[in-house]
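Source file: my_file_17.csv; contents: CSV, C-alpha atoms and all ligand atoms.
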```csv
chain,number,residue,atom,x,y,z
Q,1,MET,CA,0.0,0.0,0.0
Q,2,LYS,CA,1.0,3.6,-0.5
Q,3,THR,CA,1.1,4.8,3.1
Q,4,GLY,CA,2.5,7.6,5.2
Q,5,PHE,CA,4.0,6.9,8.6
Q,6,ILE,CA,4.3,9.7,11.2
Q,7,GLY,CA,6.3,9.2,14.4
Q,8,LEU,CA,9.6,7.5,14.3
Q,9,GLY,CA,10.3,7.0,18.0
Q,10,ARG,CA,11.2,3.7,19.7
Q,11,MET,CA,8.2,1.9,18.3
Q,12,GLY,CA,7.5,3.8,15.1
Q,13,SER,CA,11.0,3.5,13.6
Q,14,ALA,CA,10.9,-0.3,13.9
Q,15,MET,CA,7.3,-0.5,12.6
Q,16,ALA,CA,8.0,1.8,9.6
Q,17,ALA,CA,11.0,-0.3,8.8
Q,18,ASN,CA,8.9,-3.5,8.7
Q,19,LEU,CA,6.4,-1.8,6.3
Q,20,VAL,CA,9.3,-0.9,3.9
Q,21,LYS,CA,10.7,-4.4,4.2
Q,22,ALA,CA,7.3,-5.9,3.4
Q,23,GLY,CA,7.3,-4.0,0.1
Q,24,HIS,CA,4.9,-1.1,1.0
Q,25,ASP,CA,5.5,2.3,-0.5
Q,26,VAL,CA,6.2,4.3,2.7
Q,27,THR,CA,6.6,8.0,3.2
Q,28,VAL,CA,7.9,8.9,6.7
Q,29,PHE,CA,7.6,12.0,8.8
Q,30,ASN,CA,9.1,12.7,12.2
Q,31,ARG,CA,9.3,16.0,14.1
Q,32,SER,CA,13.0,15.6,14.7
Q,33,PRO,CA,14.3,15.1,11.1
Q,34,GLU,CA,17.4,13.1,12.0
Q,35,LYS,CA,15.3,10.1,12.9
Q,36,ARG,CA,14.1,9.9,9.3
Q,37,ARG,CA,17.6,9.0,8.0
Q,38,ALA,CA,17.7,5.3,8.8
Q,39,LEU,CA,14.3,4.8,7.1
Q,40,LEU,CA,15.4,6.7,4.0
Q,41,GLU,CA,18.4,4.4,3.7
Q,42,LEU,CA,16.0,1.4,3.9
Q,43,GLY,CA,14.0,2.8,0.9
Q,44,ALA,CA,11.3,5.0,2.5
Q,45,HIS,CA,10.5,8.4,1.0
Q,46,GLU,CA,10.9,11.5,3.1
Q,47,ALA,CA,8.1,13.8,4.1
Q,48,ALA,CA,9.3,17.3,4.9
Q,49,GLN,CA,6.0,18.1,6.5
Q,50,VAL,CA,2.9,16.2,7.7
Q,51,ALA,CA,1.0,17.0,4.5
Q,52,ASP,CA,3.6,15.1,2.4
Q,53,ALA,CA,2.9,11.9,4.4
Q,54,CYS,CA,-0.9,12.2,3.6
Q,55,ARG,CA,-0.9,11.7,-0.1
Q,56,GLY,CA,-1.4,7.9,-0.2
Q,57,ASP,CA,-4.2,5.4,0.7
Q,58,ALA,CA,-3.4,5.6,4.4
Q,59,VAL,CA,-1.4,7.4,7.0
Q,60,ILE,CA,-0.3,5.7,10.2
Q,61,THR,CA,0.4,7.7,13.4
Q,62,MET,CA,2.7,6.3,16.2
Q,63,LEU,CA,3.2,9.4,18.3
Q,64,ALA,CA,3.8,9.8,22.1
Q,65,ASP,CA,0.6,11.1,23.4
Q,66,ASP,CA,-2.7,13.0,23.0
Q,67,THR,CA,-0.9,16.3,22.6
Q,68,ALA,CA,1.3,15.0,19.7
Q,69,VAL,CA,-1.6,13.2,17.9
Q,70,ALA,CA,-3.9,16.2,18.2
Q,71,GLN,CA,-1.3,18.5,16.9
Q,72,VAL,CA,-0.4,16.3,13.9
Q,73,ALA,CA,-4.0,15.4,13.1
Q,74,LEU,CA,-6.1,18.4,13.9
Q,75,ALA,CA,-3.8,21.4,13.1
Q,76,ASP,CA,-4.8,23.5,10.0
Q,77,ASP,CA,-2.1,21.7,8.0
Q,78,GLY,CA,-2.6,18.4,9.8
Q,79,ILE,CA,-3.9,15.0,8.6
Q,80,VAL,CA,-7.6,15.9,8.7
Q,81,GLY,CA,-6.9,18.9,6.5
Q,82,LYS,CA,-4.6,17.1,4.0
Q,83,LEU,CA,-5.8,13.5,3.6
Q,84,ARG,CA,-7.9,12.9,0.5
Q,85,ARG,CA,-11.6,11.8,0.9
Q,86,GLY,CA,-11.9,8.1,1.4
Q,87,ALA,CA,-8.3,7.7,2.6
Q,88,LEU,CA,-7.5,6.2,6.0
Q,89,HIS,CA,-5.9,7.5,9.2
Q,90,VAL,CA,-4.7,4.5,11.3
Q,91,SER,CA,-4.0,5.6,14.8
Q,92,MET,CA,-1.6,3.2,16.5
Q,93,SER,CA,-0.5,5.4,19.5
Q,94,THR,CA,-1.9,4.8,23.0
Q,95,ILE,CA,-4.2,7.8,23.3
Q,96,SER,CA,-7.3,8.7,25.2
Q,97,VAL,CA,-10.8,7.5,24.5
Q,98,ALA,CA,-11.9,11.1,24.3
Q,99,LEU,CA,-9.3,12.0,21.6
Q,100,SER,CA,-10.1,8.9,19.6
Q,101,LYS,CA,-13.8,9.9,19.6
Q,102,LYS,CA,-12.9,13.4,18.5
Q,103,LEU,CA,-10.7,12.1,15.7
Q,104,ALA,CA,-13.3,9.7,14.5
Q,105,GLN,CA,-15.8,12.6,14.2
Q,106,ALA,CA,-13.3,14.9,12.5
Q,107,HIS,CA,-12.4,12.3,9.9
Q,108,ALA,CA,-16.0,11.4,9.3
Q,109,GLU,CA,-16.9,15.1,8.7
Q,110,ALA,CA,-14.0,15.3,6.2
Q,111,GLY,CA,-15.2,12.2,4.3
Q,112,GLN,CA,-12.1,10.2,5.5
Q,113,ARG,CA,-11.9,6.9,7.4
Q,114,PHE,CA,-10.5,6.4,10.8
Q,115,VAL,CA,-9.2,3.1,12.4
Q,116,ALA,CA,-7.8,2.8,15.9
Q,117,ALA,CA,-5.1,0.1,16.1
Q,118,PRO,CA,-3.1,0.4,19.3
Q,119,VAL,CA,-0.5,-2.3,20.0
Q,120,PHE,CA,0.8,-4.5,22.7
Q,121,GLY,CA,4.5,-5.3,22.6
Q,122,ARG,CA,7.7,-3.4,23.3
Q,123,PRO,CA,10.2,-2.1,20.7
Q,124,ASP,CA,11.9,-5.5,20.4
Q,125,ALA,CA,8.5,-7.0,19.5
Q,126,ALA,CA,8.0,-4.2,17.1
Q,127,ALA,CA,11.3,-4.8,15.4
Q,128,ALA,CA,10.5,-8.6,15.1
Q,129,ALA,CA,7.0,-7.8,13.7
Q,130,LYS,CA,5.5,-9.6,16.7
Q,131,LEU,CA,3.1,-6.9,17.9
Q,132,PHE,CA,-0.4,-7.7,19.0
Q,133,ILE,CA,-2.7,-5.2,17.3
Q,134,VAL,CA,-6.2,-4.3,18.7
Q,135,THR,CA,-8.3,-2.8,16.0
Q,136,ALA,CA,-11.6,-1.0,16.0
Q,137,GLY,CA,-13.5,0.9,13.3
Q,138,ASP,CA,-15.6,0.3,10.2
Q,139,PRO,CA,-14.9,-3.4,9.4
Q,140,THR,CA,-14.3,-2.6,5.7
Q,141,ALA,CA,-11.7,0.0,6.6
Q,142,VAL,CA,-10.1,-2.4,9.0
Q,143,GLU,CA,-9.9,-5.0,6.3
Q,144,VAL,CA,-8.2,-2.5,3.9
Q,145,CYS,CA,-5.4,-2.2,6.6
Q,146,LYS,CA,-4.8,-5.9,6.8
Q,147,PRO,CA,-1.6,-5.9,4.6
Q,148,LEU,CA,-0.2,-3.2,6.9
Q,149,PHE,CA,-1.1,-5.1,10.1
Q,150,ASP,CA,0.3,-8.3,8.7
Q,151,ALA,CA,3.7,-6.6,8.2
Q,152,LEU,CA,3.7,-5.2,11.8
Q,153,GLY,CA,2.4,-7.9,14.1
Q,154,GLN,CA,1.8,-11.6,14.9
Q,155,LYS,CA,-1.9,-11.2,15.6
Q,156,THR,CA,-4.6,-8.6,14.9
Q,157,VAL,CA,-7.8,-8.7,17.0
Q,158,PRO,CA,-10.8,-6.6,16.0
Q,159,ILE,CA,-12.8,-5.4,19.0
Q,160,GLY,CA,-15.7,-3.4,17.5
Q,161,ALA,CA,-16.9,-0.8,15.0
Q,162,GLU,CA,-16.4,2.2,17.3
Q,163,PRO,CA,-12.6,3.2,17.2
Q,164,ALA,CA,-12.5,4.3,20.8
Q,165,ALA,CA,-13.2,0.7,21.9
Q,166,ALA,CA,-9.7,-0.3,20.9
Q,167,ASN,CA,-8.2,2.6,22.8
Q,168,LEU,CA,-10.1,1.6,26.0
Q,169,VAL,CA,-9.0,-2.0,25.6
Q,170,LYS,CA,-5.4,-0.9,25.2
Q,171,LEU,CA,-5.5,1.3,28.3
Q,172,SER,CA,-7.1,-1.5,30.3
Q,173,GLY,CA,-4.3,-3.8,29.2
Q,174,ASN,CA,-1.6,-1.3,30.3
Q,175,PHE,CA,-3.3,-0.9,33.6
Q,176,LEU,CA,-3.1,-4.7,34.0
Q,177,LEU,CA,0.6,-4.7,33.0
Q,178,ALA,CA,1.4,-2.0,35.5
Q,179,ALA,CA,-0.5,-3.8,38.2
Q,180,ALA,CA,1.5,-7.0,37.4
Q,181,ILE,CA,4.7,-4.9,37.7
Q,182,GLU,CA,3.7,-3.5,41.1
Q,183,ALA,CA,2.7,-7.0,42.4
Q,184,LEU,CA,5.9,-8.6,41.1
Q,185,GLY,CA,7.9,-5.8,42.7
Q,186,GLU,CA,6.4,-6.3,46.1
Q,187,ALA,CA,6.8,-10.1,46.0
Q,188,ILE,CA,10.4,-9.9,44.7
Q,189,ALA,CA,11.2,-7.4,47.5
Q,190,LEU,CA,9.8,-9.8,50.1
Q,191,VAL,CA,11.7,-12.9,49.1
Q,192,GLY,CA,14.8,-10.8,48.1
Q,193,LYS,CA,15.1,-9.2,51.5
Q,194,ALA,CA,14.9,-12.7,53.0
Q,195,GLY,CA,18.0,-13.6,51.0
Q,196,ILE,CA,16.3,-15.8,48.4
Q,197,ASP,CA,17.7,-15.6,44.9
Q,198,ARG,CA,15.5,-13.2,43.0
Q,199,HIS,CA,16.1,-14.7,39.5
Q,200,ALA,CA,15.6,-18.3,40.8
Q,201,TYR,CA,12.3,-17.0,42.3
Q,202,VAL,CA,11.1,-15.5,39.0
Q,203,ASP,CA,12.1,-18.6,37.2
Q,204,LEU,CA,10.1,-20.7,39.6
Q,205,LEU,CA,7.0,-18.5,39.3
Q,206,THR,CA,7.1,-18.3,35.5
Q,207,SER,CA,7.6,-22.0,35.0
Q,208,THR,CA,4.7,-22.9,37.3
Q,209,ILE,CA,1.8,-20.7,38.3
Q,210,PHE,CA,2.5,-17.7,36.1
Q,211,PRO,CA,3.9,-18.9,32.8
Q,212,VAL,CA,2.9,-15.7,31.0
Q,213,PRO,CA,5.0,-13.3,28.9
Q,214,ALA,CA,4.3,-10.3,31.1
Q,215,TYR,CA,5.6,-12.0,34.2
Q,216,LYS,CA,8.6,-13.3,32.4
Q,217,THR,CA,9.6,-10.0,30.9
Q,218,TYR,CA,8.9,-7.8,33.9
Q,219,GLY,CA,9.9,-10.4,36.6
Q,220,GLY,CA,13.3,-10.6,34.9
Q,221,LEU,CA,13.7,-6.8,34.7
Q,222,ILE,CA,12.7,-6.3,38.3
Q,223,ALA,CA,15.0,-9.1,39.5
Q,224,ASP,CA,17.8,-7.5,37.5
Q,225,GLY,CA,17.0,-4.0,39.0
Q,226,LYS,CA,18.1,-2.6,35.7
Q,227,PHE,CA,15.6,0.0,34.4
Q,228,GLN,CA,17.8,1.7,31.8
Q,229,PRO,CA,17.8,2.0,28.9
Q,230,ALA,CA,14.1,2.3,28.7
Q,231,ALA,CA,12.0,0.5,26.2
Q,232,PHE,CA,8.8,2.1,27.5
Q,233,THR,CA,9.4,5.2,29.6
Q,234,VAL,CA,8.0,6.2,33.0
Q,235,PRO,CA,6.3,9.3,31.5
Q,236,LEU,CA,4.4,7.1,28.9
Q,237,GLY,CA,3.4,4.7,31.7
Q,238,TYR,CA,2.2,7.6,33.8
Q,239,LYS,CA,0.2,8.9,30.8
Q,240,ASP,CA,-1.5,5.5,30.3
Q,241,ILE,CA,-2.6,5.1,33.9
Q,242,GLY,CA,-3.9,8.7,33.8
Q,243,LEU,CA,-5.8,7.9,30.6
Q,244,ALA,CA,-7.2,4.7,32.1
Q,245,LEU,CA,-8.4,6.6,35.2
Q,246,ALA,CA,-9.9,9.4,33.0
Q,247,ALA,CA,-11.9,6.8,31.1
Q,248,ALA,CA,-12.9,5.1,34.5
Q,249,GLU,CA,-14.1,8.5,35.8
Q,250,THR,CA,-16.2,9.1,32.7
Q,251,LEU,CA,-17.7,5.6,33.0
Q,252,ARG,CA,-18.0,5.9,36.8
Q,253,VAL,CA,-15.8,2.9,37.5
Q,254,PRO,CA,-13.8,3.1,40.7
Q,255,MET,CA,-10.3,1.7,40.1
Q,256,PRO,CA,-8.4,1.9,43.5
Q,257,LEU,CA,-5.5,0.0,42.2
Q,258,GLY,CA,-5.2,2.4,39.3
Q,259,SER,CA,-5.0,5.3,41.8
Q,260,LEU,CA,-2.2,3.6,43.6
Q,261,LEU,CA,-0.3,3.0,40.4
Q,262,HIS,CA,-0.8,6.7,39.4
Q,263,ASP,CA,1.0,7.7,42.7
Q,264,ARG,CA,3.8,5.1,42.1
Q,265,PHE,CA,4.5,6.7,38.7
Q,266,LEU,CA,4.2,10.2,40.1
Q,267,ARG,CA,6.8,9.2,42.8
Q,268,LEU,CA,9.3,8.1,40.1
Q,269,LEU,CA,8.7,11.3,38.2
Q,270,ALA,CA,9.2,13.4,41.3
Q,271,GLN,CA,12.5,11.7,41.9
Q,272,GLY,CA,13.9,12.3,38.5
Q,273,GLY,CA,12.8,9.0,36.9
Q,274,GLU,CA,11.8,10.4,33.4
Q,275,ARG,CA,14.4,8.3,31.6
Q,276,LEU,CA,13.7,5.0,33.4
Q,277,ASP,CA,11.7,2.1,32.0
Q,278,TRP,CA,8.2,1.9,33.5
Q,279,SER,CA,9.2,-1.4,35.1
Q,280,ALA,CA,11.0,0.8,37.6
Q,281,VAL,CA,7.7,0.9,39.4
Q,282,GLY,CA,8.6,-2.7,40.4
Q,283,GLY,CA,11.7,-1.5,42.0
Q,284,LEU,CA,10.0,0.8,44.5
Q,285,ALA,CA,8.9,-1.9,46.9
Q,286,ALA,CA,12.5,-2.9,47.4
Q,287,GLN,CA,13.4,0.7,48.0
Q,288,ASP,CA,10.7,1.0,50.5
Q,289,ALA,CA,12.1,-2.1,52.2
Q,290,GLY,CA,15.6,-0.6,52.4
Q,291,VAL,CA,17.1,-3.0,49.8
Q,292,SER,CA,17.1,-0.9,46.7
Q,293,THR,CA,17.9,-2.9,43.6
Q,294,PHE,CA,18.1,0.1,41.2
Q,295,THR,CA,21.2,-0.1,39.0
Q,296,SER,CA,22.0,2.0,35.9
Q,301,LIG,N1,7.6,1.8,23.9
Q,301,LIG,C1,6.7,0.8,24.1
Q,301,LIG,O1,7.0,-0.3,24.6
Q,301,LIG,C2,5.3,0.9,23.6
Q,301,LIG,C3,4.5,-0.2,23.5
Q,301,LIG,C4,3.2,-0.1,23.0
Q,301,LIG,C5,2.6,1.2,22.8
Q,301,LIG,N2,3.4,2.3,22.9
Q,301,LIG,C6,2.8,3.6,22.6
Q,301,LIG,O2,3.3,3.9,21.3
Q,301,LIG,C7,3.5,5.4,21.2
Q,301,LIG,C8,4.9,5.7,20.9
Q,301,LIG,O3,5.7,5.2,21.9
Q,301,LIG,P1,7.3,5.2,21.8
Q,301,LIG,O4,7.9,4.4,22.9
Q,301,LIG,O5,7.7,5.0,20.4
Q,301,LIG,O6,7.6,6.8,22.2
Q,301,LIG,P2,8.9,7.6,21.9
Q,301,LIG,O7,10.1,6.8,21.6
Q,301,LIG,O8,9.0,8.6,23.0
Q,301,LIG,O9,8.6,8.4,20.5
Q,301,LIG,C9,7.6,9.4,20.5
Q,301,LIG,C10,7.3,9.9,19.1
Q,301,LIG,O10,6.3,11.0,19.2
Q,301,LIG,C11,6.9,12.2,18.6
Q,301,LIG,N3,6.3,13.3,19.3
Q,301,LIG,C12,6.3,13.6,20.6
Q,301,LIG,N4,5.7,14.8,20.8
Q,301,LIG,C13,5.4,15.3,19.6
Q,301,LIG,C14,4.7,16.5,19.2
Q,301,LIG,N5,4.2,17.3,20.1
Q,301,LIG,N6,4.5,16.7,17.9
Q,301,LIG,C15,5.0,15.8,17.0
Q,301,LIG,N7,5.6,14.6,17.3
Q,301,LIG,C16,5.8,14.4,18.6
Q,301,LIG,C17,8.4,12.0,18.8
Q,301,LIG,O11,9.0,12.9,17.9
Q,301,LIG,P3,10.6,13.4,18.2
Q,301,LIG,O12,11.4,12.3,17.7
Q,301,LIG,O13,10.7,14.6,17.5
Q,301,LIG,O14,10.7,13.6,19.7
Q,301,LIG,C18,8.6,10.5,18.5
Q,301,LIG,O15,8.5,10.3,17.1
Q,301,LIG,C19,3.0,5.9,22.6
Q,301,LIG,O16,1.7,6.3,22.5
Q,301,LIG,C20,3.2,4.7,23.5
Q,301,LIG,O17,2.3,4.8,24.6
Q,301,LIG,C21,4.7,2.2,23.3
```
Would you write the structure of this file as C-alpha cells?
Amino acid sequence: MKTGFIGLGRMGSAMAANLVKAGHDVTVFNRSPEKRRALLELGAHEAAQVADACRGDAVITMLADDTAVAQVALADDGIVGKLRRGALHVSMSTISVALSKKLAQAHAEAGQRFVAAPVFGRPDAAAAAKLFIVTAGDPTAVEVCKPLFDALGQKTVPIGAEPAAANLVKLSGNFLLAAAIEALGEAIALVGKAGIDRHAYVDLLTSTIFPVPAYKTYGGLIADGKFQPAAFTVPLGYKDIGLALAAAETLRVPMPLGSLLHDRFLRLLAQGGERLDWSAVGGLAAQDAGVSTFTS
C-alpha cells in the first residue's frame, strides 16, 4: 500500500522499517528530522511536513501522546486537513478514549476513514514484527489495513466498530501490566530481603503458576533491578494510567489499584525517573524495604 508513517520513536522507527521491508511504499515524517535518515536508507520516502505523508491510501500515526496526535492530526495543515476523501488514518499510538472519539468525528466530517489500532509489545517485539494489534473501526476500513497489520504484528484482533473501543481495551491492558509490575515488585522485594535468589524465584513463578509473557519480561527486569535504557518510559506509563483513570471516571468505574499506580509513577517522576523504563515501578517496593535494587 502507499502509506505515510508519522512518528519514528522507539516503536514507530521499527514499525515503519517493517512496512518498507514488506514492500509497502512508505513516506515517513518525524518532528526531529534526523530520525528519518535510517528509514530513507532502507528505501522510505521523506516527508518534509505532515502533508507530504498524507498523499497515499493511508497514513499511520505512532506518536507519544494525545498532545502530539492532536497537533499532527487536527492542526490546520494536519492530517484531517490534508488527507484525500476516502483515505484512512490508522492511529496506533496509545491515546485517550476522548481524543479517539474526536478524531473519528473529524475524519467522518472530512469524508475520511479512521481506524484505531493500538498495540501490545515493546520495541523488540515491534522490530521482530511480533506486535499484537487491537483494531476498531468500520470493518471494511479495518480489512483494507490488513496488509499493513500483517507486516507489523503476529496477531490482529478486531474489537468493534467504534474506534475508541480499541483505545479503551489498550488502556485497560496497560493498567493490568502496571498492576503486574507493582505486584511482582512487592513479591520480589519480600523474598529478596529474606536472601532468596530473585532470579531463581522469578524462574520458579514463570515456570509454574505464572507462565505468561508479562511475568517473564517484567519479573526478569525487576530481579535485575536494571531499568535503563528504557523500552517504554515512565512518562508514557504515567500517561497511560492517567488515561485509564480518566476513562474510568467518565464511566463511573472506581479503580483503586489504578489510583495507587498513578501515585507510584508520580513518585518516580518526582524523583527524576523520566528516563527509566516503566518497570522501575517494580523497584519501588525494594526501595521501601531498604534494599534498593536500582542499577544503571
Ligand atoms: N515503547 C513501548 O514499549 C510501547 C509499546 C506499546 C505502545 N506504545 C505507545 O506507542 C506510542 C509511541 O511510543 P514510543 O515508545 O515509540 O515513544 P517515543 O520513543 O517517545 O517516541 C515518541 C514519538 O512521538 C513524537 N512526538 C512527541 N511529541 C510530539 C509532538 N508534540 N509533535 C510531533 N511529534 C511528537 C516524537 O518525535 P521526536 O522524535 O521529534 O521527539 C517521536 O516520534 C506511545 O503512544 C506509547 O504509549 C509504546
Test item: which residues lie within 12 Å of (16.9, -10.0, 48.1) counting only C-alpha atoms, as a PyMOL selection string = chain Q and resi 185-201+222-225+283+285-287+289-293
inquiry  = Using only C-alpha atoms and all ligand atoms, which residues have at least one atom no more than 7 Å from ligand LIG 301 (chain Q)? Output them as a PyMOL selection string.
reply    = chain Q and resi 7-12+30-32+35+62-65+67-68+71-72+92-95+118-123+231-233+236+240
request  = Using only C-alpha atoms, determine which residues lie at most 12 Å from stretch 153-155 of chain Q, disregarding the query and same-chain residues fewer than 4 positions distant; provide the list as a ChimeraX atom specification.
outcome  = /Q:14-15,18-19,22,117-135,146-149
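Nearest-residue note for Q:Gly137: choosing from Q:Val234, Q:Leu176, Q:Leu245, Q:Ala161, the minimum distance belongs to Q:Ala161, counting all atoms listed in the file.
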request  = Between atom CA of Q:Arg55 and atom CA of Q:Lys170, measure the distance and give it in Å to one decimal.
outcome  =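 So the two atoms, atom CA of Q:Arg55 and atom CA of Q:Lys170, lie 28.6 Å apart.
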key: Two-atom distance - atom CA of Q:Asn174, atom CA of Q:Lys102 (Å)   = 22.0 Å
request  = Choose the residue, out of Q:Glu34, Q:Ala98, Q:Ser13, Q:Gln112, that has the smallest atom-to-atom separation from Q:Ala58; count only C-alpha atoms.
outcome  =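 Looking only at the distances to Q:Ala58, the closest residue turns out to be Q:Gln112.
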message = Please report the interatomic distance between atom CA of Q:Gly56 and atom CA of Q:His107 in Å with one decimal.
response =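 Pair atom CA of Q:Gly56 / atom CA of Q:His107 returns 15.6 Å.
Shortest separation to Q:Val28 among Q:His45, Q:Lys226, Q:Lys2, Q:Lys82 occurs at residue Q:His45, atoms counted being all atoms listed in the file.
Closest approach to Q:Leu74 among Q:Leu99, Q:Leu88, Q:Ala180, Q:Ala151 is made by Q:Leu99 (distances from all atoms listed in the file).
The environment of Q:Gly160 within 12 Å, counting only C-alpha atoms and disregarding residues fewer than 2 places along the same chain, consists of Q:Val115, Q:Ala116, Q:Ala117, Q:Val134, Q:Thr135, Q:Ala136, Q:Gly137, Q:Asp138, Q:Pro139, Q:Thr140, Q:Val142, Q:Val157, Q:Pro158, Q:Glu162, Q:Pro163, Q:Ala164, Q:Ala165, Q:Ala166, Q:Asn167, Q:Leu168, Q:Val169.
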Limited to C-alpha atoms, could you put the picked residues into a file as a compact mmCIF listing (two decimals), in the frame of the given file?
```txt
# COMPACT_ATOMS: atom_id res chain seq x y z
CA VAL Q 115 -9.20 3.10 12.40
CA ALA Q 116 -7.80 2.80 15.90
CA ALA Q 117 -5.10 0.10 16.10
CA VAL Q 134 -6.20 -4.30 18.70
CA THR Q 135 -8.30 -2.80 16.00
CA ALA Q 136 -11.60 -1.00 16.00
CA GLY Q 137 -13.50 0.90 13.30
CA ASP Q 138 -15.60 0.30 10.20
CA PRO Q 139 -14.90 -3.40 9.40
CA THR Q 140 -14.30 -2.60 5.70
CA VAL Q 142 -10.10 -2.40 9.00
CA VAL Q 157 -7.80 -8.70 17.00
CA PRO Q 158 -10.80 -6.60 16.00
CA GLU Q 162 -16.40 2.20 17.30
CA PRO Q 163 -12.60 3.20 17.20
CA ALA Q 164 -12.50 4.30 20.80
CA ALA Q 165 -13.20 0.70 21.90
CA ALA Q 166 -9.70 -0.30 20.90
CA ASN Q 167 -8.20 2.60 22.80
CA LEU Q 168 -10.10 1.60 26.00
CA VAL Q 169 -9.00 -2.00 25.60
```
query = For Q:Gln49, which of Q:Ala270, Q:Gly86, Q:Arg37, Q:Phe5 is the closest residue, counting all atoms listed in the file?
reply = Q:Phe5
query = Of the candidates Q:Ile6, Q:Ala44, Q:Leu204, Q:Leu260, which one gets nearest to Q:Ala178 if we count all atoms listed in the file?
reply =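 Under the stated criterion, the closest residue is Q:Leu260.
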task = Excluding Q:Lys21 and any residue of its chain fewer than 4 positions from it, enumerate the residues within 9 Å of it, using all atoms listed in the file, and give them as a PyMOL selection string.
result = chain Q and resi 16-17+42-43+151
